[in-house]
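What's in coords.cif: mmCIF, C-alpha atoms; chains and numbers go by the auth columns
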data_protein
loop_
_atom_site.group_PDB
_atom_site.id
_atom_site.type_symbol
_atom_site.label_atom_id
_atom_site.label_comp_id
_atom_site.label_asym_id
_atom_site.label_seq_id
_atom_site.Cartn_x
_atom_site.Cartn_y
_atom_site.Cartn_z
_atom_site.B_iso_or_equiv
_atom_site.auth_seq_id
_atom_site.auth_asym_id
ATOM 1 C CA MET A 1 -58.066 210.160 -124.275 0.00 950 P
ATOM 2 C CA ILE A 2 -58.473 213.879 -123.526 0.00 951 P
ATOM 3 C CA GLU A 3 -56.869 215.208 -120.399 0.00 952 P
ATOM 4 C CA LYS A 4 -58.548 217.929 -118.377 0.00 953 P
ATOM 5 C CA LEU A 5 -59.081 221.368 -119.937 0.00 954 P
ATOM 6 C CA THR A 6 -56.905 223.839 -118.030 0.00 955 P
ATOM 7 C CA ILE A 7 -56.031 227.502 -117.942 0.00 956 P
ATOM 8 C CA ALA A 8 -52.768 227.910 -119.792 0.00 957 P
ATOM 9 C CA PRO A 9 -49.799 229.152 -117.779 0.00 958 P
ATOM 10 C CA SER A 10 -48.601 232.609 -118.839 0.00 959 P
ATOM 11 C CA GLU A 11 -45.350 231.216 -120.254 0.00 960 P
ATOM 12 C CA ASP A 12 -47.424 229.221 -122.778 0.00 961 P
ATOM 13 C CA GLU A 13 -49.013 232.342 -124.281 0.00 962 P
ATOM 14 C CA VAL A 14 -46.839 232.052 -127.430 0.00 963 P
ATOM 15 C CA TYR A 15 -48.645 228.805 -128.312 0.00 964 P
ATOM 16 C CA PHE A 16 -51.920 230.695 -128.904 0.00 965 P
ATOM 17 C CA TYR A 17 -50.538 232.529 -131.945 0.00 966 P
ATOM 18 C CA SER A 18 -48.765 231.795 -135.199 0.00 967 P
ATOM 19 C CA ALA A 19 -45.091 232.660 -135.427 0.00 968 P
ATOM 20 C CA SER A 20 -42.565 232.390 -138.231 0.00 969 P
ATOM 21 C CA ILE A 21 -42.493 229.167 -140.239 0.00 970 P
ATOM 22 C CA GLU A 22 -39.244 228.248 -138.512 0.00 971 P
ATOM 23 C CA LYS A 23 -40.635 228.847 -135.009 0.00 972 P
ATOM 24 C CA ASP A 24 -43.890 226.998 -135.718 0.00 973 P
ATOM 25 C CA THR A 25 -41.913 224.055 -137.111 0.00 974 P
ATOM 26 C CA GLU A 26 -39.610 224.111 -134.094 0.00 975 P
ATOM 27 C CA ARG A 27 -42.674 224.031 -131.814 0.00 976 P
ATOM 28 C CA ASP A 28 -44.203 221.133 -133.809 0.00 977 P
ATOM 29 C CA CYS A 29 -47.299 223.166 -134.720 0.00 978 P
ATOM 30 C CA ILE A 30 -49.449 220.968 -136.938 0.00 979 P
ATOM 31 C CA GLY A 31 -51.794 223.855 -137.717 0.00 980 P
ATOM 32 C CA TYR A 32 -54.839 225.597 -136.339 0.00 981 P
ATOM 33 C CA VAL A 33 -58.597 225.922 -136.672 0.00 982 P
ATOM 34 C CA ARG A 34 -59.995 229.457 -136.863 0.00 983 P
ATOM 35 C CA GLY A 35 -63.698 229.901 -136.353 0.00 984 P
ATOM 36 C CA ASP A 36 -66.646 232.051 -135.450 0.00 985 P
ATOM 37 C CA PHE A 37 -70.298 231.699 -134.546 0.00 986 P
ATOM 38 C CA GLY A 38 -71.754 233.975 -137.223 0.00 987 P
ATOM 39 C CA LYS A 39 -73.673 237.226 -136.781 0.00 988 P
ATOM 40 C CA ALA A 40 -76.324 235.733 -134.492 0.00 989 P
ATOM 41 C CA GLY A 41 -73.771 233.768 -132.453 0.00 990 P
ATOM 42 C CA GLU A 42 -75.365 230.371 -133.122 0.00 991 P
ATOM 43 C CA ALA A 43 -73.592 229.141 -136.285 0.00 992 P
ATOM 44 C CA PHE A 44 -70.279 227.282 -136.457 0.00 993 P
ATOM 45 C CA TRP A 45 -67.863 228.364 -139.166 0.00 994 P
ATOM 46 C CA ALA A 46 -64.331 226.979 -139.111 0.00 995 P
ATOM 47 C CA THR A 47 -61.292 226.884 -141.381 0.00 996 P
ATOM 48 C CA TRP A 48 -58.146 224.749 -141.068 0.00 997 P
ATOM 49 C CA PHE A 49 -54.682 226.295 -141.612 0.00 998 P
ATOM 50 C CA GLU A 50 -51.877 223.809 -142.184 0.00 999 P
ATOM 51 C CA HIS A 51 -48.374 224.288 -140.759 0.00 1000 P
ATOM 52 C CA ILE A 52 -46.663 220.855 -140.860 0.00 1001 P
ATOM 53 C CA SER A 53 -48.525 218.599 -143.261 0.00 1002 P
ATOM 54 C CA SER A 54 -46.558 215.463 -142.352 0.00 1003 P
ATOM 55 C CA LEU A 55 -47.981 215.620 -138.810 0.00 1004 P
ATOM 56 C CA ARG A 56 -51.602 215.853 -140.008 0.00 1005 P
ATOM 57 C CA THR A 57 -52.137 212.109 -139.922 0.00 1006 P
ATOM 58 C CA PRO A 58 -55.498 210.311 -140.113 0.00 1007 P
ATOM 59 C CA ASP A 59 -55.230 209.635 -136.362 0.00 1008 P
ATOM 60 C CA PHE A 60 -54.694 213.330 -135.699 0.00 1009 P
ATOM 61 C CA ARG A 61 -57.646 214.345 -137.889 0.00 1010 P
ATOM 62 C CA GLU A 62 -59.899 211.914 -136.049 0.00 1011 P
ATOM 63 C CA GLU A 63 -58.658 213.134 -132.678 0.00 1012 P
ATOM 64 C CA LEU A 64 -59.163 216.776 -133.666 0.00 1013 P
ATOM 65 C CA GLY A 65 -62.822 216.005 -134.366 0.00 1014 P
ATOM 66 C CA VAL A 66 -63.149 214.421 -130.912 0.00 1015 P
ATOM 67 C CA VAL A 67 -61.488 217.454 -129.292 0.00 1016 P
ATOM 68 C CA ILE A 68 -63.810 219.909 -131.059 0.00 1017 P
ATOM 69 C CA GLN A 69 -66.823 217.809 -130.040 0.00 1018 P
ATOM 70 C CA ALA A 70 -65.658 217.732 -126.405 0.00 1019 P
ATOM 71 C CA LEU A 71 -65.109 221.509 -126.386 0.00 1020 P
ATOM 72 C CA SER A 72 -68.597 221.970 -127.828 0.00 1021 P
ATOM 73 C CA GLU A 73 -70.104 219.786 -125.125 0.00 1022 P
ATOM 74 C CA GLN A 74 -68.359 221.897 -122.469 0.00 1023 P
ATOM 75 C CA GLY A 75 -69.969 225.026 -123.946 0.00 1024 P
ATOM 76 C CA LEU A 76 -66.818 226.580 -125.358 0.00 1025 P
ATOM 77 C CA LEU A 77 -67.462 225.838 -129.026 0.00 1026 P
ATOM 78 C CA GLN A 78 -71.220 225.467 -128.919 0.00 1027 P
ATOM 79 C CA ASN A 79 -72.162 229.113 -129.522 0.00 1028 P
ATOM 80 C CA ARG A 80 -70.947 232.599 -128.638 0.00 1029 P
ATOM 81 C CA SER A 81 -73.043 232.972 -125.471 0.00 1030 P
ATOM 82 C CA GLY A 82 -71.826 229.585 -124.190 0.00 1031 P
ATOM 83 C CA MET A 83 -68.231 230.626 -124.827 0.00 1032 P
ATOM 84 C CA HIS A 84 -68.848 233.953 -123.090 0.00 1033 P
ATOM 85 C CA ASP A 85 -70.362 232.254 -120.030 0.00 1034 P
ATOM 86 C CA PHE A 86 -67.495 229.762 -119.826 0.00 1035 P
ATOM 87 C CA CYS A 87 -64.872 232.506 -120.089 0.00 1036 P
ATOM 88 C CA MET A 88 -66.599 234.662 -117.459 0.00 1037 P
ATOM 89 C CA LYS A 89 -66.432 231.721 -115.039 0.00 1038 P
ATOM 90 C CA HIS A 90 -62.658 231.523 -115.618 0.00 1039 P
ATOM 91 C CA PRO A 91 -61.270 235.076 -115.349 0.00 1040 P
ATOM 92 C CA ALA A 92 -57.786 233.702 -114.623 0.00 1041 P
ATOM 93 C CA ALA A 93 -57.713 232.439 -118.221 0.00 1042 P
ATOM 94 C CA ARG A 94 -57.557 235.993 -119.598 0.00 1043 P
ATOM 95 C CA LEU A 95 -54.459 236.339 -121.793 0.00 1044 P
ATOM 96 C CA PRO A 96 -52.567 239.345 -120.403 0.00 1045 P
ATOM 97 C CA ASN A 97 -50.717 240.298 -123.604 0.00 1046 P
ATOM 98 C CA ALA A 98 -53.632 239.989 -126.035 0.00 1047 P
ATOM 99 C CA ARG A 99 -54.595 243.014 -128.111 0.00 1048 P
ATOM 100 C CA HIS A 100 -58.055 243.006 -126.511 0.00 1049 P
ATOM 101 C CA SER A 101 -58.792 242.626 -122.802 0.00 1050 P
ATOM 102 C CA ASP A 102 -61.413 239.898 -123.314 0.00 1051 P
ATOM 103 C CA VAL A 103 -59.256 237.167 -124.830 0.00 1052 P
ATOM 104 C CA TYR A 104 -59.043 233.894 -122.928 0.00 1053 P
ATOM 105 C CA GLY A 105 -56.748 230.913 -123.247 0.00 1054 P
ATOM 106 C CA PHE A 106 -57.259 227.264 -122.386 0.00 1055 P
ATOM 107 C CA CYS A 107 -55.196 224.187 -123.099 0.00 1056 P
ATOM 108 C CA LEU A 108 -55.721 220.462 -123.129 0.00 1057 P
ATOM 109 C CA GLN A 109 -53.633 217.457 -123.982 0.00 1058 P
ATOM 110 C CA THR A 110 -54.107 214.013 -125.360 0.00 1059 P
ATOM 111 C CA ALA A 111 -51.579 211.206 -125.438 0.00 1060 P
ATOM 112 C CA LYS A 112 -50.030 212.573 -128.647 0.00 1061 P
ATOM 113 C CA HIS A 113 -51.053 216.229 -128.966 0.00 1062 P
ATOM 114 C CA ARG A 114 -51.402 219.557 -127.170 0.00 1063 P
ATOM 115 C CA TYR A 115 -54.199 221.985 -128.018 0.00 1064 P
ATOM 116 C CA TYR A 116 -54.333 225.689 -127.186 0.00 1065 P
ATOM 117 C CA LEU A 117 -57.720 227.365 -127.517 0.00 1066 P
ATOM 118 C CA ARG A 118 -57.813 231.169 -127.734 0.00 1067 P
ATOM 119 C CA CYS A 119 -61.307 232.567 -127.214 0.00 1068 P
ATOM 120 C CA PHE A 120 -62.773 235.972 -128.033 0.00 1069 P
ATOM 121 C CA PRO A 121 -66.459 235.678 -127.101 0.00 1070 P
ATOM 122 C CA HIS A 122 -67.705 238.843 -128.849 0.00 1071 P
ATOM 123 C CA ALA A 123 -69.314 239.567 -132.209 0.00 1072 P
ATOM 124 C CA GLY A 124 -67.370 241.206 -134.992 0.00 1073 P
ATOM 125 C CA ASP A 125 -64.225 239.090 -135.049 0.00 1074 P
ATOM 126 C CA TYR A 126 -63.183 235.452 -135.143 0.00 1075 P
ATOM 127 C CA ASN A 127 -64.306 233.822 -131.908 0.00 1076 P
ATOM 128 C CA PHE A 128 -61.681 231.126 -131.557 0.00 1077 P
ATOM 129 C CA TYR A 129 -58.346 229.793 -132.684 0.00 1078 P
ATOM 130 C CA LEU A 130 -57.456 226.214 -131.776 0.00 1079 P
ATOM 131 C CA TYR A 131 -53.715 225.623 -132.226 0.00 1080 P
ATOM 132 C CA CYS A 132 -52.614 222.001 -132.495 0.00 1081 P
ATOM 133 C CA TYR A 133 -49.150 220.736 -131.560 0.00 1082 P
ATOM 134 C CA ALA A 134 -47.502 217.334 -131.521 0.00 1083 P
ATOM 135 C CA ARG A 135 -46.226 216.391 -128.085 0.00 1084 P
ATOM 136 C CA PRO A 136 -42.457 215.764 -128.111 0.00 1085 P
ATOM 137 C CA GLU A 137 -42.914 212.225 -126.760 0.00 1086 P
ATOM 138 C CA SER A 138 -45.195 211.349 -129.673 0.00 1087 P
ATOM 139 C CA LEU A 139 -42.652 212.651 -132.177 0.00 1088 P
ATOM 140 C CA ILE A 140 -40.088 210.248 -130.756 0.00 1089 P
ATOM 141 C CA GLU A 141 -42.613 207.405 -131.046 0.00 1090 P
ATOM 142 C CA GLN A 142 -43.425 208.397 -134.649 0.00 1091 P
ATOM 143 C CA THR A 143 -39.737 208.400 -135.554 0.00 1092 P
ATOM 144 C CA ARG A 144 -39.248 204.952 -134.022 0.00 1093 P
ATOM 145 C CA ALA A 145 -42.286 203.589 -135.839 0.00 1094 P
ATOM 146 C CA GLN A 146 -41.097 204.783 -139.233 0.00 1095 P
ATOM 147 C CA PRO A 147 -38.999 202.269 -141.141 0.00 1096 P
ATOM 148 C CA SER A 148 -35.373 203.283 -141.269 0.00 1097 P
ATOM 149 C CA ILE A 149 -33.812 203.964 -144.613 0.00 1098 P
ATOM 150 C CA SER A 150 -30.412 202.384 -145.040 0.00 1099 P
ATOM 151 C CA ALA A 151 -27.627 204.198 -146.789 0.00 1100 P
ATOM 152 C CA PRO A 152 -26.658 202.590 -150.089 0.00 1101 P
ATOM 153 C CA PRO A 153 -23.596 200.354 -149.812 0.00 1102 P
ATOM 154 C CA LYS A 154 -20.326 202.037 -150.622 0.00 1103 P
ATOM 155 C CA LYS A 155 -18.718 201.078 -153.887 0.00 1104 P
ATOM 156 C CA LYS A 156 -15.640 198.924 -153.509 0.00 1105 P
ATOM 157 C CA PRO A 157 -12.402 200.199 -154.966 0.00 1106 P
ATOM 158 C CA GLU A 158 -11.376 198.624 -158.272 0.00 1107 P
ATOM 159 C CA THR A 159 -8.715 196.449 -156.638 0.00 1108 P
ATOM 160 C CA GLU A 160 -11.286 194.683 -154.419 0.00 1109 P
ATOM 161 C CA ARG A 161 -13.704 193.809 -157.231 0.00 1110 P
#
Output the structure of this file as structure tokens.
Amino acid sequence: MIEKLTIAPSEDEVYFYSASIEKDTERDCIGYVRGDFGKAGEAFWATWFEHISSLRTPDFREELGVVIQALSEQGLLQNRSGMHDFCMKHPAARLPNARHSDVYGFCLQTAKHRYYLRCFPHAGDYNFYLYCYARPESLIEQTRAQPSISAPPKKKPETER
């Protein structure tokens, strides 16, 4: 279900941040989870921010839970020290254009979605943002699966009635 967690290529850096409504819609951004580990670094506080509500399907919500669980098991979303240790082991994941030098970016994919995790493993700010995108292939599948709506029949001219 979940493909391997990877370091995001530098050209993908835009996917770690919100853009205009138009850009986020164009990129098929479903929304993002923003979270932190509390003052002591051991809590888990998260908030969902919706971008395209029609893409937030029950399947997506279930998958998002699986993704968060998998990231927790890998140490990234377990607590702040686990995130810090993981990031320190992957210095190539540092996002070069971030406003702080200790911001890291990872991505993973599933059959239908792409996830971009931005990590800031320090106290005093939000520790992570997990941006969720529909994969273009899955959008095509969704469109095919939706029943087509036929145009109403044209009215016949009076002489044909």
Cut-off 7 Å: closest segment 1006-1080 of chain P/segment 955-963 of chain P atom pairs per residue, using all atoms listed in the file, as CSV:
residue,atom,partner,partner_atom,distance
P:Ala1042,CA,P:Ile956,CA,5.2
P:Gly1054,CA,P:Ala957,CA,6.1
P:Phe1055,CA,P:Ile956,CA,4.6
P:Cys1056,CA,P:Thr955,CA,5.4
P:Leu1057,CA,P:Thr955,CA,6.2
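Here atom CA of Ala1041 of chain P and atom CA of Tyr1053 of chain P stand 8.4 Å from one another.
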What is the distance, in Å and to one decimal place, between atom CA of Tyr966 of chain P and atom CA of Leu1013 of chain P?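 Calculated distance between atom CA of Tyr966 of chain P and atom CA of Leu1013 of chain P is 18.0 Å.
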Just to confirm, what's the straight-line distance from atom CA of Ser1003 of chain P to atom CA of Cys1068 of chain P in Å (one decimal)? 27.2 Å
Using all atoms listed in the file, which residues sit within 10 Å of Gly1024 of chain P once same-chain residues fewer than 6 positions away are excluded, as number ranges by chain? P: 1018, 1030-1036
Give as a PDB file with C-alpha atoms, in the coordinates of the input the set of residues within 10 Å of the point (-50.3, 219.3, -138.3), where distances use the file's coordinates and only C-alpha atoms.
ATOM      1  CA  THR P 974     -41.913 224.055-137.111  1.00  0.00           C
ATOM      2  CA  ASP P 977     -44.203 221.133-133.809  1.00  0.00           C
ATOM      3  CA  CYS P 978     -47.299 223.166-134.720  1.00  0.00           C
ATOM      4  CA  ILE P 979     -49.449 220.968-136.938  1.00  0.00           C
ATOM      5  CA  GLY P 980     -51.794 223.855-137.717  1.00  0.00           C
ATOM      6  CA  TYR P 981     -54.839 225.597-136.339  1.00  0.00           C
ATOM      7  CA  TRP P 997     -58.146 224.749-141.068  1.00  0.00           C
ATOM      8  CA  PHE P 998     -54.682 226.295-141.612  1.00  0.00           C
ATOM      9  CA  GLU P 999     -51.877 223.809-142.184  1.00  0.00           C
ATOM     10  CA  HIS P1000     -48.374 224.288-140.759  1.00  0.00           C
ATOM     11  CA  ILE P1001     -46.663 220.855-140.860  1.00  0.00           C
ATOM     12  CA  SER P1002     -48.525 218.599-143.261  1.00  0.00           C
ATOM     13  CA  SER P1003     -46.558 215.463-142.352  1.00  0.00           C
ATOM     14  CA  LEU P1004     -47.981 215.620-138.810  1.00  0.00           C
ATOM     15  CA  ARG P1005     -51.602 215.853-140.008  1.00  0.00           C
ATOM     16  CA  THR P1006     -52.137 212.109-139.922  1.00  0.00           C
ATOM     17  CA  PHE P1009     -54.694 213.330-135.699  1.00  0.00           C
ATOM     18  CA  ARG P1010     -57.646 214.345-137.889  1.00  0.00           C
ATOM     19  CA  HIS P1062     -51.053 216.229-128.966  1.00  0.00           C
ATOM     20  CA  TYR P1080     -53.715 225.623-132.226  1.00  0.00           C
ATOM     21  CA  CYS P1081     -52.614 222.001-132.495  1.00  0.00           C
ATOM     22  CA  TYR P1082     -49.150 220.736-131.560  1.00  0.00           C
ATOM     23  CA  ALA P1083     -47.502 217.334-131.521  1.00  0.00           C
TER      24      ALA P1083
END
Assuming the chain letters and numbering stay as they are in my file, what does the PyMOL selection byres ((chain P and resi 1077) around 8) actually select? List them as a PyMOL selection string. chain P and resi 982-985+1066-1070+1075-1076+1078-1079
